[in-house]
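See structure below.
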Amino acid sequence: MSAIPSYTDLTREVSRNLTPLRTHNADVMQGFGALSKAALAPGALDEKTKELIAMAIGVANRCDACLGFHAKALVRLGATPEEFREMLGVAVYMGGGPSLMYAANAMAAYEEFSKAP
């Protein structure tokens with residue numbers, strides 16, 4: 001069994017691995033960045049709520065990097081442990097047993113970024 005990942009290291013590595021795409025697929029990456037910015041912009045739902053939704057989808061789709069990036073954002077946005085755990089309950093409801101396993105990893109990512117300086 002592998003060690004528990006460091007989500008700080010994982011997000012840093014994924015960001016670094018995206019560098020060639022930023023260079024060689026600049027239009028795609030800029031488009032994705034614009035989509036992200038527009039999707040997370042405050043509207044009827046605030047940014048924190050939208051990030052909670054994004055995390056739930058990351059859990060349901062079993063995306064390790066998503067767990068790191070969205071946990072970091074949720075800590076920055078002041079999501080409480082109670083809000084985070086409640087969101088994980090919905091993710092597990094929608095994704096079943098595999099999402100339960102990723103919910104545990106998402107909790108670890110949230111706790112890791114909560115302790116970061």
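In the structure tokens, the first chain shown is A, the next is B, and so on; residue numbers restart at 1 for each chain, and ligands run from 1 in the order shown.
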
Using only C-alpha atoms, which residues sit within 12 Å of Glu83 in chain A once same-chain residues fewer than 2 positions away are excluded, as a ChimeraX atom specification?
/A:48-49,51-53,55-56,74-75,77-81,85-90,107,110

Pull N, CA and C atoms from the residues just selected and write them as a PDB file, in the first residue's frame.
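Here's the written file again.pdb:
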ATOM      1  N   LYS A  48     -17.380  30.176  -2.223  1.00  0.00           N
ATOM      2  CA  LYS A  48     -17.162  29.032  -1.328  1.00  0.00           C
ATOM      3  C   LYS A  48     -18.151  27.907  -1.643  1.00  0.00           C
ATOM      4  N   THR A  49     -19.403  28.248  -1.873  1.00  0.00           N
ATOM      5  CA  THR A  49     -20.399  27.228  -2.207  1.00  0.00           C
ATOM      6  C   THR A  49     -20.025  26.525  -3.503  1.00  0.00           C
ATOM      7  N   GLU A  51     -17.021  26.184  -4.722  1.00  0.00           N
ATOM      8  CA  GLU A  51     -15.859  25.327  -4.461  1.00  0.00           C
ATOM      9  C   GLU A  51     -16.277  24.048  -3.725  1.00  0.00           C
ATOM     10  N   LEU A  52     -17.255  24.145  -2.830  1.00  0.00           N
ATOM     11  CA  LEU A  52     -17.765  22.935  -2.179  1.00  0.00           C
ATOM     12  C   LEU A  52     -18.371  21.987  -3.212  1.00  0.00           C
ATOM     13  N   ILE A  53     -19.091  22.533  -4.176  1.00  0.00           N
ATOM     14  CA  ILE A  53     -19.657  21.713  -5.254  1.00  0.00           C
ATOM     15  C   ILE A  53     -18.534  21.080  -6.070  1.00  0.00           C
ATOM     16  N   MET A  55     -15.511  20.388  -5.128  1.00  0.00           N
ATOM     17  CA  MET A  55     -14.872  19.332  -4.340  1.00  0.00           C
ATOM     18  C   MET A  55     -15.724  18.071  -4.345  1.00  0.00           C
ATOM     19  N   ALA A  56     -17.027  18.218  -4.188  1.00  0.00           N
ATOM     20  CA  ALA A  56     -17.911  17.046  -4.195  1.00  0.00           C
ATOM     21  C   ALA A  56     -17.806  16.298  -5.520  1.00  0.00           C
ATOM     22  N   LEU A  74     -10.779  25.915  -0.571  1.00  0.00           N
ATOM     23  CA  LEU A  74     -11.784  25.954   0.490  1.00  0.00           C
ATOM     24  C   LEU A  74     -11.200  26.449   1.808  1.00  0.00           C
ATOM     25  N   VAL A  75      -9.975  26.080   2.089  1.00  0.00           N
ATOM     26  CA  VAL A  75      -9.317  26.616   3.287  1.00  0.00           C
ATOM     27  C   VAL A  75      -9.156  28.123   3.139  1.00  0.00           C
ATOM     28  N   LEU A  77     -10.947  30.117   1.467  1.00  0.00           N
ATOM     29  CA  LEU A  77     -12.256  30.756   1.517  1.00  0.00           C
ATOM     30  C   LEU A  77     -12.943  30.622   2.878  1.00  0.00           C
ATOM     31  N   GLY A  78     -12.293  29.944   3.813  1.00  0.00           N
ATOM     32  CA  GLY A  78     -12.835  29.851   5.166  1.00  0.00           C
ATOM     33  C   GLY A  78     -13.890  28.781   5.382  1.00  0.00           C
ATOM     34  N   ALA A  79     -13.893  27.748   4.548  1.00  0.00           N
ATOM     35  CA  ALA A  79     -14.838  26.646   4.768  1.00  0.00           C
ATOM     36  C   ALA A  79     -14.540  25.995   6.110  1.00  0.00           C
ATOM     37  N   THR A  80     -15.565  25.787   6.891  1.00  0.00           N
ATOM     38  CA  THR A  80     -15.384  25.169   8.202  1.00  0.00           C
ATOM     39  C   THR A  80     -15.305  23.652   8.062  1.00  0.00           C
ATOM     40  N   PRO A  81     -14.717  22.986   9.051  1.00  0.00           N
ATOM     41  CA  PRO A  81     -14.715  21.520   9.012  1.00  0.00           C
ATOM     42  C   PRO A  81     -16.133  20.954   8.912  1.00  0.00           C
ATOM     43  N   ARG A  85     -17.294  18.495   5.965  1.00  0.00           N
ATOM     44  CA  ARG A  85     -17.808  17.139   6.212  1.00  0.00           C
ATOM     45  C   ARG A  85     -19.216  16.963   5.663  1.00  0.00           C
ATOM     46  N   GLU A  86     -20.040  17.993   5.764  1.00  0.00           N
ATOM     47  CA  GLU A  86     -21.406  17.888   5.230  1.00  0.00           C
ATOM     48  C   GLU A  86     -21.378  17.729   3.711  1.00  0.00           C
ATOM     49  N   MET A  87     -20.515  18.478   3.048  1.00  0.00           N
ATOM     50  CA  MET A  87     -20.357  18.337   1.607  1.00  0.00           C
ATOM     51  C   MET A  87     -19.900  16.925   1.255  1.00  0.00           C
ATOM     52  N   LEU A  88     -18.986  16.368   2.059  1.00  0.00           N
ATOM     53  CA  LEU A  88     -18.516  15.008   1.789  1.00  0.00           C
ATOM     54  C   LEU A  88     -19.641  13.997   1.907  1.00  0.00           C
ATOM     55  N   GLY A  89     -20.573  14.229   2.817  1.00  0.00           N
ATOM     56  CA  GLY A  89     -21.733  13.338   2.938  1.00  0.00           C
ATOM     57  C   GLY A  89     -22.546  13.308   1.652  1.00  0.00           C
ATOM     58  N   VAL A  90     -22.727  14.465   1.036  1.00  0.00           N
ATOM     59  CA  VAL A  90     -23.467  14.524  -0.227  1.00  0.00           C
ATOM     60  C   VAL A  90     -22.672  13.838  -1.335  1.00  0.00           C
ATOM     61  N   MET A 107     -10.709  14.690   3.073  1.00  0.00           N
ATOM     62  CA  MET A 107     -10.581  15.183   4.445  1.00  0.00           C
ATOM     63  C   MET A 107      -9.109  15.372   4.790  1.00  0.00           C
ATOM     64  N   TYR A 110      -7.915  18.567   3.082  1.00  0.00           N
ATOM     65  CA  TYR A 110      -8.426  19.749   3.793  1.00  0.00           C
ATOM     66  C   TYR A 110      -7.628  19.985   5.074  1.00  0.00           C
TER      67      TYR A 110
END

Quick check for you: according to DSSP on this backbone, which residues of range 17-88 of chain A are classed as helix (DSSP H, G or I)? Reply as a VMD selection string.
chain A and resid 17 19 to 24 26 to 40 47 to 60 64 to 76 81 to 88

Could you work out how far CA of Leu67 in chain A lies from CA of Ala108 in chain A, giving the answer in Å with one decimal?
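Going from CA of Ala108 in chain A over to CA of Leu67 in chain A, I get 9.2 Å.
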
Nearest to Ser114 in chain A by atom-to-atom distance, counting only C-alpha atoms, from A:Gly96, A:Gly68, A:Phe32, A:Thr23
A:Gly68

Option closest in space to Ser15 in chain A, from A:Ala65, A:Ala38, A:Ala60, A:Arg76 [counting only C-alpha atoms]:
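Looking at the shortest contact to Ser15 in chain A, the residue is A:Ala65.
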
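Of the residues listed (A:Pro42, A:Pro5, A:Gly58, A:Gly31), A:Gly58 shows the shortest atom-to-atom separation from Ser99 in chain A; distances use only C-alpha atoms.
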
Name all residues at most 9 Å from Arg62 in chain A (count only C-alpha atoms; drop same-chain ones fewer than 6 positions away) and give them as a ChimeraX atom specification.
/A:98-99,101-102

Go ahead and dump the residues you just picked, C-alpha atoms, as a CSV table (one decimal), in the first residue's frame.
chain,number,residue,atom,x,y,z
A,98,PRO,CA,-15.7,4.6,-4.1
A,99,SER,CA,-16.6,8.2,-3.2
A,101,MET,CA,-12.8,6.2,0.0
A,102,TYR,CA,-12.1,9.5,-1.7

Which of these residues is nearest to Asn105 in chain A, using only C-alpha atoms: A:Arg12, A:Asp64, A:Pro117, A:Ala91?
A:Asp64

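Distance check against Ser6 in chain A using only C-alpha atoms: of A:Val59, A:Gly95, A:Ala103, A:Phe69, the minimum falls on A:Phe69.
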